[in-house]
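Take a look at the structure set out below.
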Amino acid sequence: MDISIKGTLDREKINEILKYIKDQKIISTLDLSRVNFVKPYGMVLLLQIVNNLQEIERIIFPDYSTLTYMARAGFFNQAKEIMNLDRKIIELNNNIKVSEDNKTLIAINKIQNREDIVSTLYVVNEQTRNILINSLGYKHKDVEDFLVLLSELLDNINRHSGSTGFVSAQSYRYRGSNLKYISVCVSDTGIGIKKSFINNGYQSKLSHKEAIELAVIKEFSSKSINGQRGGNGYKGIKEKVEKLSGGFLVRTGDCQLNVLNKVYEYTTNMPFFLGTQIEITLPEKSLTYI
């Protein structure tokens with residue numbers, strides 16, 4: 001099977017890739033040569049999709065400009081563990097410094113254990129503080145709220161997913177505007193929200209949509225079948241993201257929930273993928289969604 005993607009590698013294009021793949025484990029060619037922009041969600045999920053395949057014979061990567069961005073974002077430092085990279089890409093990656101001190105970028109960090117969470121949050125604390133305060137006009141208290149919700153999301157990978165995960169973030173300008181926003185992706189390939197609830201006593205016929213509703217909207221904890229509120233940190237996410245006039249997306253299994261301005265929009269019957277994916281979007285302090 002050959003898969004070709006063009007435009008921006010974001011969550012919509014990731015869903016296209018998953019739709020093409022379905023249950024297949026071997027892909028002949030993934031052609032990304034016409035991709036001209038990549039987002040944290042796209043890079044992180046691409047790593048996880050390829051890692052979940054048995055074999056992918058060839059990946060055709062984008063042009064030099066996009067490649068260098070991916071290298072600065074730390075993509076190839078993670079990809080070299082799961083992909084057979086062309087010698088030219090390896091050389092390019094070796095010659096480009098990952099943006100450890102860049103004020104607008106949080107390079108892709110792998111989360112495998114508690115030590116990874118601690119070290120990642122140390123780096124994220126410094127870089128996210130710069131992004132939110134210097135670029136988006138946030139106050140120090142807003143930054144602390146953001147770091148708390150990010151910490152909870154990373155901790156969920158360690159406590160609930162039973163697998164590894166990634167975190168990445170970048171700030172951008174809206175197209176045709178000087179207004180900025182930050183896009184954050186936290187994703188794992190673990191058991192997902194549904195199985196987390198089922199493993200802790202909820203009925204086995206629970207759907208992915210019902211599991212998201214329990215965790216995000218009703219704010220139930222997977223650790224209690226008595227309806228104890230907690231919701232794997234989603235209560236805190238909603239409160240803090242809404243306070244910052246942002247939005248977020250939760251994807252697990254075959255369902256995703258988009259939350260914006262206290263409006264909940266489900267998308268069901270999606271191509272299945274492992275684990276739980278979170279994308280958070282935070283605009284400039286002066287900007288609110290319409």
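By order of appearance in the structure tokens: chains A, B, ..., then residues from 1 within every chain, and ligands from 1 in the order shown.
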
Those of stretch 23-214 of chain A in DSSP helix (DSSP H, G or I), formatted as an MDAnalysis selection string: chainID A and resid 40:52 64:72 75:79 87:95 114:135 140:161 192:198 208:214

Within 10 Å of A:Leu9 using only C-alpha atoms, minus same-chain residues under 5 positions, as a list in words: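 Counting only the stated atoms, we get Ile14, Leu32, Arg34, Val35, Asn36, Phe37, Val38, Lys39, Pro40, Tyr41, Gly42, Met43, Leu45 and Leu46 of chain A.
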
Selected residue, from A:Gln54, A:Gln78, A:Asn258, A:Ser161, that lies nearest to A:Gly192 when counting only C-alpha atoms: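 Checking each candidate against A:Gly192, we get A:Ser161 as the closest.
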
For A:Ile111, the nearest of the candidates A:Val250, A:Val186, A:Met83, A:Leu18, counting only C-alpha atoms: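 So, comparing all the options, the nearest one is A:Val186.
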
Counting only C-alpha atoms, the option among A:Leu149, A:Leu154, A:Leu282, A:Ile217 closest to A:Phe248: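 Smallest distance to A:Phe248 is found for A:Leu282.
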
All residues 7 Å or closer to A:Gly246, only C-alpha atoms, same chain fewer than 4 positions away omitted, as a count of residues only: 6

12 Å contact set for A:Asn51, only C-alpha atoms, chain neighbours under 4 positions out, as JSON, numbers by chain: {"A": [25, 26, 44, 45, 46, 47, 55, 56, 78, 79, 80, 81, 82, 83, 84, 164, 165, 188, 189, 274]}

Contacts of A:Ile131 within 12 Å, only C-alpha atoms, excl. fewer than 6 positions in-chain, as a ChimeraX atom specification: /A:101-106,124-125,137-140,142-143,146,169-172,180-184,282-285

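The shortest atom-to-atom distance to A:Tyr234, with only C-alpha atoms taken into account, belongs to A:Asn156 out of A:Asn156, A:Thr267, A:Ser207, A:Thr68.
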
From A:Ile5, A:Ile89, A:Leu121, A:Ile212, residue lying nearest A:Glu152 [only C-alpha atoms]: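 With only C-alpha atoms as the atom set, the closest residue is A:Leu121.
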
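The gap separating atom CA of A:Lys209 from atom CA of A:Ile237 is 18.3 Å, in Å to one decimal.
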
Residues within 6 Å of A:Ala71, only C-alpha atoms, excluding chain neighbours under 4 positions, as number ranges by chain: A: 75-76, 93

Output all heavy atoms for every residue in that selection, as a compact mmCIF listing (two decimals), in the first residue's frame.
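Writing done, so here's out_29.txt:
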```
# COMPACT_ATOMS: atom_id res chain seq x y z
N PHE A 75 12.32 15.67 16.10
CA PHE A 75 11.61 14.54 15.50
C PHE A 75 12.56 13.40 15.15
O PHE A 75 12.31 12.23 15.47
CB PHE A 75 10.87 14.99 14.23
CG PHE A 75 10.17 13.88 13.50
CD1 PHE A 75 8.90 13.47 13.87
CD2 PHE A 75 10.79 13.23 12.44
CE1 PHE A 75 8.26 12.43 13.21
CE2 PHE A 75 10.16 12.19 11.76
CZ PHE A 75 8.89 11.80 12.15
N PHE A 76 13.66 13.71 14.50
CA PHE A 76 14.55 12.65 14.02
C PHE A 76 15.36 12.02 15.14
O PHE A 76 15.80 10.87 15.01
CB PHE A 76 15.45 13.18 12.91
CG PHE A 76 14.69 13.55 11.67
CD1 PHE A 76 14.60 14.88 11.27
CD2 PHE A 76 14.04 12.59 10.92
CE1 PHE A 76 13.88 15.23 10.15
CE2 PHE A 76 13.32 12.92 9.79
CZ PHE A 76 13.24 14.26 9.40
N ASN A 93 20.24 15.94 10.39
CA ASN A 93 19.87 15.98 11.80
C ASN A 93 21.09 16.22 12.69
O ASN A 93 21.01 16.97 13.68
CB ASN A 93 19.19 14.67 12.19
CG ASN A 93 18.61 14.70 13.59
OD1 ASN A 93 17.77 15.55 13.90
ND2 ASN A 93 19.04 13.80 14.45
```

Filtered DSSP result for stretch 12-172 of chain A, state strand (DSSP E), as JSON, numbers by chain: {"A": [26, 27, 28, 29, 30, 31, 32, 33, 34, 35, 36, 37, 38, 55, 56, 57, 58, 59, 60, 105, 106, 107, 108, 109, 110, 111, 165, 166, 167, 168, 169, 170, 171, 172]}

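For the pair atom CA of A:Gln24 and atom CA of A:Leu53, the interatomic distance is 7.9 Å.
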
Shortest interatomic distance to A:Leu147 - which of A:Gly236, A:Ala73, A:Asn109, A:Lys195, counting only C-alpha atoms: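 Closest to A:Leu147, using only C-alpha atoms: A:Gly236.
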
Two-atom distance - atom CA of A:Lys6, atom CA of A:Tyr69 (Å): 16.6 Å
